[in-house]
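Colleague: For reference, the file upload17.txt (compact mmCIF, N, CA and C atoms) is included below:
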```
# COMPACT_ATOMS: atom_id res chain seq x y z
N MET L 1 -19.43 -34.02 -11.84
CA MET L 1 -18.46 -33.02 -11.45
C MET L 1 -18.92 -32.37 -10.15
N ALA L 2 -18.02 -32.30 -9.19
CA ALA L 2 -18.34 -31.72 -7.89
C ALA L 2 -18.42 -30.20 -8.00
N VAL L 3 -19.33 -29.64 -7.31
CA VAL L 3 -19.48 -28.18 -7.29
C VAL L 3 -18.58 -27.61 -6.20
N LYS L 4 -17.75 -26.63 -6.61
CA LYS L 4 -16.87 -26.00 -5.63
C LYS L 4 -17.68 -25.11 -4.71
N PRO L 5 -17.38 -25.12 -3.43
CA PRO L 5 -18.11 -24.21 -2.53
C PRO L 5 -17.79 -22.77 -2.91
N ALA L 6 -18.78 -21.92 -2.77
CA ALA L 6 -18.60 -20.51 -3.11
C ALA L 6 -17.58 -19.87 -2.17
N ARG L 7 -16.70 -19.11 -2.75
CA ARG L 7 -15.71 -18.38 -1.96
C ARG L 7 -16.34 -17.11 -1.44
N ARG L 8 -16.01 -16.76 -0.23
CA ARG L 8 -16.50 -15.49 0.33
C ARG L 8 -15.54 -14.40 -0.11
N ASP L 9 -16.06 -13.45 -0.84
CA ASP L 9 -15.24 -12.35 -1.34
C ASP L 9 -15.10 -11.32 -0.23
N PRO L 10 -13.85 -11.07 0.26
CA PRO L 10 -13.68 -10.13 1.37
C PRO L 10 -14.09 -8.71 1.01
N VAL L 11 -13.95 -8.33 -0.25
CA VAL L 11 -14.34 -6.98 -0.66
C VAL L 11 -15.86 -6.83 -0.61
N ILE L 12 -16.55 -7.83 -1.13
CA ILE L 12 -18.02 -7.79 -1.10
C ILE L 12 -18.53 -7.83 0.33
N GLU L 13 -17.92 -8.65 1.17
CA GLU L 13 -18.30 -8.71 2.58
C GLU L 13 -18.11 -7.36 3.26
N ALA L 14 -17.00 -6.69 2.95
CA ALA L 14 -16.75 -5.36 3.54
C ALA L 14 -17.81 -4.37 3.07
N ARG L 15 -18.22 -4.47 1.79
CA ARG L 15 -19.23 -3.56 1.26
C ARG L 15 -20.58 -3.78 1.95
N ARG L 16 -20.87 -5.04 2.28
CA ARG L 16 -22.14 -5.33 2.96
C ARG L 16 -22.18 -4.72 4.35
N THR L 17 -21.05 -4.74 5.03
CA THR L 17 -21.02 -4.21 6.40
C THR L 17 -20.78 -2.71 6.43
N HIS L 18 -20.22 -2.14 5.35
CA HIS L 18 -19.96 -0.71 5.26
C HIS L 18 -20.44 -0.17 3.91
N PRO L 19 -21.76 -0.06 3.71
CA PRO L 19 -22.25 0.41 2.42
C PRO L 19 -21.86 1.87 2.16
N ALA L 20 -21.80 2.23 0.89
CA ALA L 20 -21.45 3.60 0.51
C ALA L 20 -22.55 4.55 1.01
N PRO L 21 -22.14 5.74 1.48
CA PRO L 21 -23.14 6.70 1.96
C PRO L 21 -23.97 7.26 0.80
N ALA L 22 -25.18 7.70 1.11
CA ALA L 22 -26.06 8.27 0.09
C ALA L 22 -25.48 9.57 -0.44
N GLN L 23 -24.89 10.37 0.42
CA GLN L 23 -24.27 11.64 0.03
C GLN L 23 -22.78 11.56 0.32
N ILE L 24 -21.97 11.95 -0.65
CA ILE L 24 -20.52 11.91 -0.47
C ILE L 24 -20.02 13.31 -0.17
N ASP L 25 -19.32 13.45 0.93
CA ASP L 25 -18.72 14.72 1.33
C ASP L 25 -17.58 15.03 0.35
N PRO L 26 -17.63 16.16 -0.35
CA PRO L 26 -16.57 16.48 -1.31
C PRO L 26 -15.17 16.53 -0.70
N ALA L 27 -15.07 16.93 0.56
CA ALA L 27 -13.76 16.98 1.22
C ALA L 27 -13.22 15.56 1.42
N ILE L 28 -14.10 14.63 1.79
CA ILE L 28 -13.69 13.23 1.97
C ILE L 28 -13.31 12.64 0.62
N GLU L 29 -14.10 12.92 -0.40
CA GLU L 29 -13.80 12.41 -1.74
C GLU L 29 -12.44 12.92 -2.22
N ALA L 30 -12.15 14.19 -1.98
CA ALA L 30 -10.85 14.76 -2.38
C ALA L 30 -9.71 14.08 -1.62
N LEU L 31 -9.92 13.83 -0.33
CA LEU L 31 -8.88 13.16 0.46
C LEU L 31 -8.63 11.74 -0.05
N VAL L 32 -9.70 11.01 -0.34
CA VAL L 32 -9.57 9.65 -0.85
C VAL L 32 -8.78 9.65 -2.15
N GLN L 33 -9.13 10.55 -3.06
CA GLN L 33 -8.42 10.62 -4.34
C GLN L 33 -6.96 11.00 -4.14
N ASP L 34 -6.69 11.91 -3.22
CA ASP L 34 -5.32 12.32 -2.93
C ASP L 34 -4.51 11.17 -2.34
N VAL L 35 -5.09 10.47 -1.36
CA VAL L 35 -4.39 9.36 -0.71
C VAL L 35 -4.14 8.23 -1.71
N ILE L 36 -5.15 7.90 -2.50
CA ILE L 36 -4.97 6.84 -3.51
C ILE L 36 -3.90 7.25 -4.50
N GLY L 37 -3.91 8.51 -4.92
CA GLY L 37 -2.88 8.99 -5.85
C GLY L 37 -1.48 8.85 -5.28
N GLN L 38 -1.34 9.14 -4.00
CA GLN L 38 -0.01 9.04 -3.39
C GLN L 38 0.35 7.60 -3.08
N VAL L 39 -0.54 6.88 -2.48
CA VAL L 39 -0.22 5.53 -2.03
C VAL L 39 -0.14 4.57 -3.20
N ALA L 40 -0.84 4.87 -4.29
CA ALA L 40 -0.75 4.01 -5.47
C ALA L 40 0.66 4.08 -6.06
N ASP L 41 1.41 5.09 -5.67
CA ASP L 41 2.81 5.20 -6.07
C ASP L 41 3.55 4.03 -5.43
N LYS L 42 4.26 3.27 -6.25
CA LYS L 42 4.89 2.05 -5.73
C LYS L 42 5.89 2.32 -4.62
N TRP L 43 6.58 3.46 -4.67
CA TRP L 43 7.60 3.74 -3.65
C TRP L 43 6.96 3.94 -2.29
N THR L 44 5.84 4.65 -2.25
CA THR L 44 5.16 4.86 -0.97
C THR L 44 4.72 3.53 -0.39
N MET L 45 4.16 2.67 -1.24
CA MET L 45 3.72 1.35 -0.77
C MET L 45 4.88 0.54 -0.23
N LEU L 46 6.02 0.59 -0.91
CA LEU L 46 7.18 -0.19 -0.48
C LEU L 46 7.79 0.35 0.81
N VAL L 47 7.83 1.68 0.96
CA VAL L 47 8.33 2.28 2.20
C VAL L 47 7.38 1.94 3.34
N LEU L 48 6.08 2.05 3.09
CA LEU L 48 5.08 1.71 4.09
C LEU L 48 5.26 0.26 4.54
N GLU L 49 5.45 -0.64 3.60
CA GLU L 49 5.63 -2.05 3.92
C GLU L 49 6.92 -2.28 4.72
N ALA L 50 8.02 -1.62 4.31
CA ALA L 50 9.30 -1.80 5.01
C ALA L 50 9.19 -1.34 6.46
N LEU L 51 8.57 -0.19 6.67
CA LEU L 51 8.44 0.33 8.03
C LEU L 51 7.46 -0.50 8.87
N GLU L 52 6.44 -1.04 8.24
CA GLU L 52 5.49 -1.90 8.95
C GLU L 52 6.17 -3.19 9.40
N GLU L 53 6.97 -3.76 8.52
CA GLU L 53 7.61 -5.04 8.84
C GLU L 53 8.81 -4.90 9.76
N ARG L 54 9.60 -3.83 9.60
CA ARG L 54 10.86 -3.72 10.32
C ARG L 54 10.85 -2.70 11.44
N GLY L 55 9.81 -1.87 11.53
CA GLY L 55 9.76 -0.86 12.59
C GLY L 55 10.58 0.37 12.22
N THR L 56 11.20 0.98 13.19
CA THR L 56 11.99 2.19 12.98
C THR L 56 13.23 1.87 12.16
N LEU L 57 13.44 2.66 11.10
CA LEU L 57 14.59 2.47 10.22
C LEU L 57 15.26 3.79 9.90
N ARG L 58 16.56 3.74 9.70
CA ARG L 58 17.28 4.91 9.20
C ARG L 58 17.10 4.98 7.69
N PHE L 59 17.40 6.15 7.14
CA PHE L 59 17.20 6.41 5.72
C PHE L 59 17.87 5.34 4.86
N THR L 60 19.14 5.03 5.15
CA THR L 60 19.87 4.04 4.35
C THR L 60 19.27 2.64 4.50
N GLU L 61 18.72 2.34 5.67
CA GLU L 61 18.08 1.04 5.87
C GLU L 61 16.80 0.93 5.04
N ILE L 62 16.05 2.04 4.98
CA ILE L 62 14.84 2.04 4.14
C ILE L 62 15.25 1.80 2.69
N ALA L 63 16.27 2.51 2.24
CA ALA L 63 16.74 2.36 0.86
C ALA L 63 17.14 0.91 0.57
N ARG L 64 17.81 0.30 1.50
CA ARG L 64 18.24 -1.10 1.33
C ARG L 64 17.03 -2.04 1.29
N GLU L 65 16.06 -1.81 2.18
CA GLU L 65 14.85 -2.65 2.22
C GLU L 65 14.03 -2.51 0.94
N VAL L 66 13.87 -1.28 0.49
CA VAL L 66 13.04 -1.03 -0.69
C VAL L 66 13.75 -1.52 -1.95
N GLY L 67 15.02 -1.20 -2.09
CA GLY L 67 15.79 -1.63 -3.25
C GLY L 67 15.39 -0.92 -4.53
N GLY L 68 16.38 -0.46 -5.27
CA GLY L 68 16.13 0.16 -6.57
C GLY L 68 15.61 1.59 -6.54
N ILE L 69 15.52 2.19 -5.39
CA ILE L 69 15.02 3.56 -5.28
C ILE L 69 16.21 4.51 -5.19
N SER L 70 16.13 5.62 -5.91
CA SER L 70 17.20 6.61 -5.84
C SER L 70 17.08 7.39 -4.54
N GLN L 71 18.18 8.01 -4.14
CA GLN L 71 18.17 8.83 -2.92
C GLN L 71 17.17 9.97 -3.06
N LYS L 72 17.13 10.56 -4.24
CA LYS L 72 16.22 11.69 -4.49
C LYS L 72 14.75 11.24 -4.35
N MET L 73 14.42 10.09 -4.93
CA MET L 73 13.04 9.60 -4.87
C MET L 73 12.68 9.18 -3.44
N LEU L 74 13.61 8.56 -2.73
CA LEU L 74 13.33 8.17 -1.34
C LEU L 74 13.11 9.41 -0.48
N THR L 75 13.92 10.43 -0.68
CA THR L 75 13.75 11.69 0.06
C THR L 75 12.37 12.27 -0.21
N LYS L 76 11.99 12.34 -1.48
CA LYS L 76 10.68 12.88 -1.87
C LYS L 76 9.55 12.05 -1.23
N THR L 77 9.70 10.74 -1.27
CA THR L 77 8.65 9.84 -0.76
C THR L 77 8.47 9.99 0.75
N VAL L 78 9.58 9.95 1.52
CA VAL L 78 9.42 10.04 2.98
C VAL L 78 8.97 11.44 3.40
N ARG L 79 9.36 12.47 2.67
CA ARG L 79 8.88 13.82 2.99
C ARG L 79 7.37 13.93 2.79
N GLN L 80 6.88 13.36 1.67
CA GLN L 80 5.44 13.37 1.41
C GLN L 80 4.70 12.57 2.47
N MET L 81 5.26 11.43 2.86
CA MET L 81 4.63 10.62 3.89
C MET L 81 4.64 11.33 5.24
N GLU L 82 5.71 12.06 5.52
CA GLU L 82 5.78 12.84 6.76
C GLU L 82 4.75 13.96 6.72
N ARG L 83 4.64 14.64 5.58
CA ARG L 83 3.67 15.72 5.41
C ARG L 83 2.25 15.24 5.67
N ASP L 84 1.95 14.02 5.21
CA ASP L 84 0.61 13.47 5.36
C ASP L 84 0.39 12.80 6.71
N GLY L 85 1.40 12.81 7.56
CA GLY L 85 1.26 12.25 8.90
C GLY L 85 1.40 10.74 8.96
N LEU L 86 1.98 10.14 7.92
CA LEU L 86 2.12 8.69 7.88
C LEU L 86 3.40 8.21 8.56
N VAL L 87 4.45 9.04 8.52
CA VAL L 87 5.71 8.68 9.17
C VAL L 87 6.16 9.78 10.11
N ASP L 88 6.90 9.35 11.10
CA ASP L 88 7.51 10.27 12.06
C ASP L 88 9.00 10.29 11.74
N ARG L 89 9.56 11.48 11.62
CA ARG L 89 10.98 11.64 11.33
C ARG L 89 11.65 12.17 12.58
N LYS L 90 12.66 11.46 13.03
CA LYS L 90 13.34 11.84 14.27
C LYS L 90 14.83 12.01 13.97
N VAL L 91 15.36 13.21 14.25
CA VAL L 91 16.78 13.48 14.07
C VAL L 91 17.48 13.26 15.40
N LEU L 92 18.44 12.35 15.41
CA LEU L 92 19.18 12.05 16.63
C LEU L 92 20.39 12.98 16.72
N PRO L 93 20.61 13.59 17.89
CA PRO L 93 21.68 14.58 18.06
C PRO L 93 23.07 13.94 18.21
N VAL L 94 23.56 13.36 17.13
CA VAL L 94 24.90 12.78 17.11
C VAL L 94 25.64 13.35 15.91
N VAL L 95 26.94 13.15 15.87
CA VAL L 95 27.73 13.63 14.74
C VAL L 95 28.28 12.42 14.00
N PRO L 96 28.00 12.26 12.74
CA PRO L 96 27.02 13.03 11.95
C PRO L 96 25.60 12.68 12.39
N PRO L 97 24.64 13.58 12.10
CA PRO L 97 23.27 13.35 12.54
C PRO L 97 22.70 12.06 11.94
N HIS L 98 21.94 11.35 12.74
CA HIS L 98 21.22 10.17 12.27
C HIS L 98 19.74 10.53 12.23
N VAL L 99 19.08 10.09 11.16
CA VAL L 99 17.64 10.34 11.03
C VAL L 99 16.94 8.99 10.99
N GLU L 100 15.93 8.86 11.82
CA GLU L 100 15.15 7.63 11.87
C GLU L 100 13.71 7.92 11.46
N TYR L 101 13.11 6.93 10.82
CA TYR L 101 11.73 7.03 10.38
C TYR L 101 10.94 5.87 10.96
N SER L 102 9.73 6.17 11.37
CA SER L 102 8.83 5.12 11.86
C SER L 102 7.41 5.49 11.46
N LEU L 103 6.56 4.48 11.38
CA LEU L 103 5.16 4.74 11.05
C LEU L 103 4.46 5.37 12.24
N THR L 104 3.61 6.31 11.94
CA THR L 104 2.73 6.88 12.97
C THR L 104 1.52 5.96 13.10
N GLU L 105 0.67 6.26 14.03
CA GLU L 105 -0.58 5.49 14.18
C GLU L 105 -1.38 5.58 12.89
N LEU L 106 -1.39 6.76 12.28
CA LEU L 106 -2.09 6.96 11.01
C LEU L 106 -1.47 6.09 9.91
N GLY L 107 -0.15 6.03 9.87
CA GLY L 107 0.53 5.19 8.89
C GLY L 107 0.24 3.71 9.09
N ARG L 108 0.20 3.28 10.35
CA ARG L 108 -0.12 1.88 10.63
C ARG L 108 -1.55 1.55 10.22
N SER L 109 -2.46 2.50 10.41
CA SER L 109 -3.85 2.24 10.02
C SER L 109 -3.97 2.15 8.50
N LEU L 110 -3.20 2.95 7.77
CA LEU L 110 -3.21 2.85 6.31
C LEU L 110 -2.61 1.52 5.87
N SER L 111 -1.56 1.11 6.52
CA SER L 111 -0.95 -0.18 6.22
C SER L 111 -1.96 -1.30 6.42
N ALA L 112 -2.72 -1.23 7.50
CA ALA L 112 -3.73 -2.25 7.76
C ALA L 112 -4.82 -2.23 6.69
N ALA L 113 -5.18 -1.03 6.24
CA ALA L 113 -6.20 -0.92 5.20
C ALA L 113 -5.72 -1.58 3.90
N PHE L 114 -4.45 -1.42 3.59
CA PHE L 114 -3.93 -2.01 2.36
C PHE L 114 -3.66 -3.50 2.50
N CYS L 115 -3.78 -4.01 3.70
CA CYS L 115 -3.70 -5.45 3.91
C CYS L 115 -4.79 -6.14 3.09
N GLY L 116 -5.90 -5.45 2.89
CA GLY L 116 -6.99 -5.99 2.08
C GLY L 116 -6.56 -6.33 0.66
N VAL L 117 -5.62 -5.57 0.13
CA VAL L 117 -5.10 -5.85 -1.21
C VAL L 117 -4.38 -7.19 -1.22
N TRP L 118 -3.61 -7.46 -0.16
CA TRP L 118 -2.91 -8.75 -0.05
C TRP L 118 -3.92 -9.88 0.07
N ILE L 119 -4.96 -9.68 0.86
CA ILE L 119 -5.99 -10.71 1.01
C ILE L 119 -6.66 -10.98 -0.33
N TRP L 120 -6.98 -9.91 -1.05
CA TRP L 120 -7.58 -10.05 -2.38
C TRP L 120 -6.64 -10.82 -3.30
N ALA L 121 -5.34 -10.45 -3.30
CA ALA L 121 -4.37 -11.12 -4.17
C ALA L 121 -4.25 -12.60 -3.84
N GLU L 122 -4.21 -12.92 -2.56
CA GLU L 122 -4.13 -14.34 -2.15
C GLU L 122 -5.39 -15.10 -2.57
N THR L 123 -6.54 -14.45 -2.43
CA THR L 123 -7.81 -15.09 -2.74
C THR L 123 -7.97 -15.31 -4.25
N TYR L 124 -7.60 -14.32 -5.04
CA TYR L 124 -7.88 -14.35 -6.47
C TYR L 124 -6.68 -14.61 -7.38
N TYR L 125 -5.53 -14.91 -6.80
CA TYR L 125 -4.34 -15.17 -7.61
C TYR L 125 -4.59 -16.21 -8.70
N PRO L 126 -5.17 -17.38 -8.38
CA PRO L 126 -5.41 -18.37 -9.44
C PRO L 126 -6.32 -17.84 -10.55
N ASP L 127 -7.34 -17.06 -10.18
CA ASP L 127 -8.26 -16.51 -11.17
C ASP L 127 -7.57 -15.51 -12.08
N VAL L 128 -6.73 -14.66 -11.51
CA VAL L 128 -6.01 -13.67 -12.31
C VAL L 128 -5.04 -14.37 -13.26
N GLU L 129 -4.32 -15.36 -12.74
CA GLU L 129 -3.38 -16.10 -13.60
C GLU L 129 -4.12 -16.81 -14.73
N LYS L 130 -5.26 -17.40 -14.44
CA LYS L 130 -6.07 -18.08 -15.47
C LYS L 130 -6.53 -17.09 -16.53
N ALA L 131 -6.99 -15.91 -16.09
CA ALA L 131 -7.44 -14.88 -17.02
C ALA L 131 -6.28 -14.39 -17.89
N ARG L 132 -5.11 -14.23 -17.30
CA ARG L 132 -3.94 -13.77 -18.06
C ARG L 132 -3.53 -14.80 -19.11
N ARG L 133 -3.54 -16.08 -18.73
CA ARG L 133 -3.19 -17.13 -19.70
C ARG L 133 -4.20 -17.15 -20.84
N ALA L 134 -5.48 -17.03 -20.53
CA ALA L 134 -6.52 -17.02 -21.55
C ALA L 134 -6.36 -15.81 -22.48
N PHE L 135 -6.04 -14.67 -21.91
CA PHE L 135 -5.83 -13.47 -22.70
C PHE L 135 -4.67 -13.66 -23.67
N GLU L 136 -3.55 -14.16 -23.14
CA GLU L 136 -2.37 -14.39 -23.98
C GLU L 136 -2.65 -15.40 -25.08
N ALA L 137 -3.43 -16.43 -24.75
CA ALA L 137 -3.79 -17.45 -25.76
C ALA L 137 -4.63 -16.82 -26.87
N ARG L 138 -5.58 -15.97 -26.50
CA ARG L 138 -6.42 -15.28 -27.50
C ARG L 138 -5.58 -14.34 -28.33
N LYS L 139 -4.66 -13.63 -27.69
CA LYS L 139 -3.79 -12.67 -28.39
C LYS L 139 -2.89 -13.39 -29.39
N THR L 140 -2.35 -14.53 -28.98
CA THR L 140 -1.46 -15.31 -29.84
C THR L 140 -2.24 -15.92 -31.02
N ALA L 141 -3.49 -16.29 -30.78
CA ALA L 141 -4.31 -16.92 -31.81
C ALA L 141 -4.73 -15.93 -32.90
N ARG L 142 -4.65 -14.66 -32.64
CA ARG L 142 -5.11 -13.65 -33.63
C ARG L 142 -4.22 -13.60 -34.82
```
The structure given in the file should be rewritten as structure tokens.
Modeller:
Amino acid sequence: MAVKPARRDPVIEARRTHPAPAQIDPAIEALVQDVIGQVADKWTMLVLEALEERGTLRFTEIAREVGGISQKMLTKTVRQMERDGLVDRKVLPVVPPHVEYSLTELGRSLSAAFCGVWIWAETYYPDVEKARRAFEARKTAR
């Protein structure tokens, strides 16, 4: 049986080049927890992705791109993203007013950081699927 070459784990490689600090700044830790709490919200991730892929979008265009989001939830999501400096909201002086949203530099950097999740998913998709099948087989066998 041939031995498969070892895969380079991008997360482990990142840890090697950026090890955790000996002392953690409580303000940084609070920010990380806050950002993860917000961005782990599926709507924020989907809005971030839509704006990254399509650029500047109007509110209704974001809703169409994201799909399945209520107007109330989209309003809440883009306001939170604006508050955190992730999106820029621009009101165009026309009748009726048009509002456009685009990612800020900060939003683009967060989008790039979450690109690592896609890389991880692409790298480990077969392993996750194999583990899920094995789990289901064990569950069914009980």
Colleague: Which residue out of L:Arg142, L:Val91, L:Ser111, L:Glu105 has the minimum interatomic distance to Glu49 of chain L when only N, CA and C atoms are used?
Modeller: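 Of L:Arg142, L:Val91, L:Ser111, L:Glu105, the one nearest Glu49 of chain L is L:Ser111, counting only N, CA and C atoms.
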Colleague: Mind giving me the straight-line distance from atom C of Arg138 of chain L to atom C of Trp118 of chain L in Å, one decimal?
Modeller: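 Going from atom C of Arg138 of chain L over to atom C of Trp118 of chain L covers 28.8 Å.
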Colleague: Under the rule that only N, CA and C atoms are counted, which of L:Met73, L:Leu48, L:Gly55, L:Leu92 is the nearest residue to Gly107 of chain L?
Modeller: L:Leu48
Colleague: At what distance in Å, to one decimal, does atom N of Ser70 of chain L lie from atom N of Ser102 of chain L?
Modeller: 18.4 Å
Colleague: Would you please give, as a PyMOL selection string, all residues of chain L that DSSP assigns to helix (DSSP H, G or I) based on the backbone?
Modeller: chain L and resi 10-17+26-39+42-54+59-66+71-83+105-141
Colleague: To one decimal place, how far is atom CA of Leu86 of chain L from atom N of Thr104 of chain L in Å?
Modeller: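 Between atom CA of Leu86 of chain L and atom N of Thr104 of chain L the gap is 4.9 Å.
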Colleague: May I ask which of the residues L:Ala121, L:Val87, L:Leu74, L:Leu110 is the closest one to Val32 of chain L, counting only C-alpha atoms?
Modeller: L:Leu110
Colleague: To test your reading of the structure, identify every residue in segment 4-130 of chain L that backbone DSSP assigns to strand (DSSP E or B), and report it as JSON, numbers by chain.
Modeller: {"L": [57, 58, 87, 88, 89, 90, 91, 92, 98, 99, 100, 101, 102, 103]}
Colleague: I want to know what sits within 10 Å of Val78 of chain L, based on only C-alpha atoms, with residues of the same chain fewer than 5 positions away left out; could you give that as JSON, numbers by chain?
Modeller: {"L": [43, 44, 47, 48, 59, 62, 73, 83, 84, 86, 87, 88, 89, 101]}
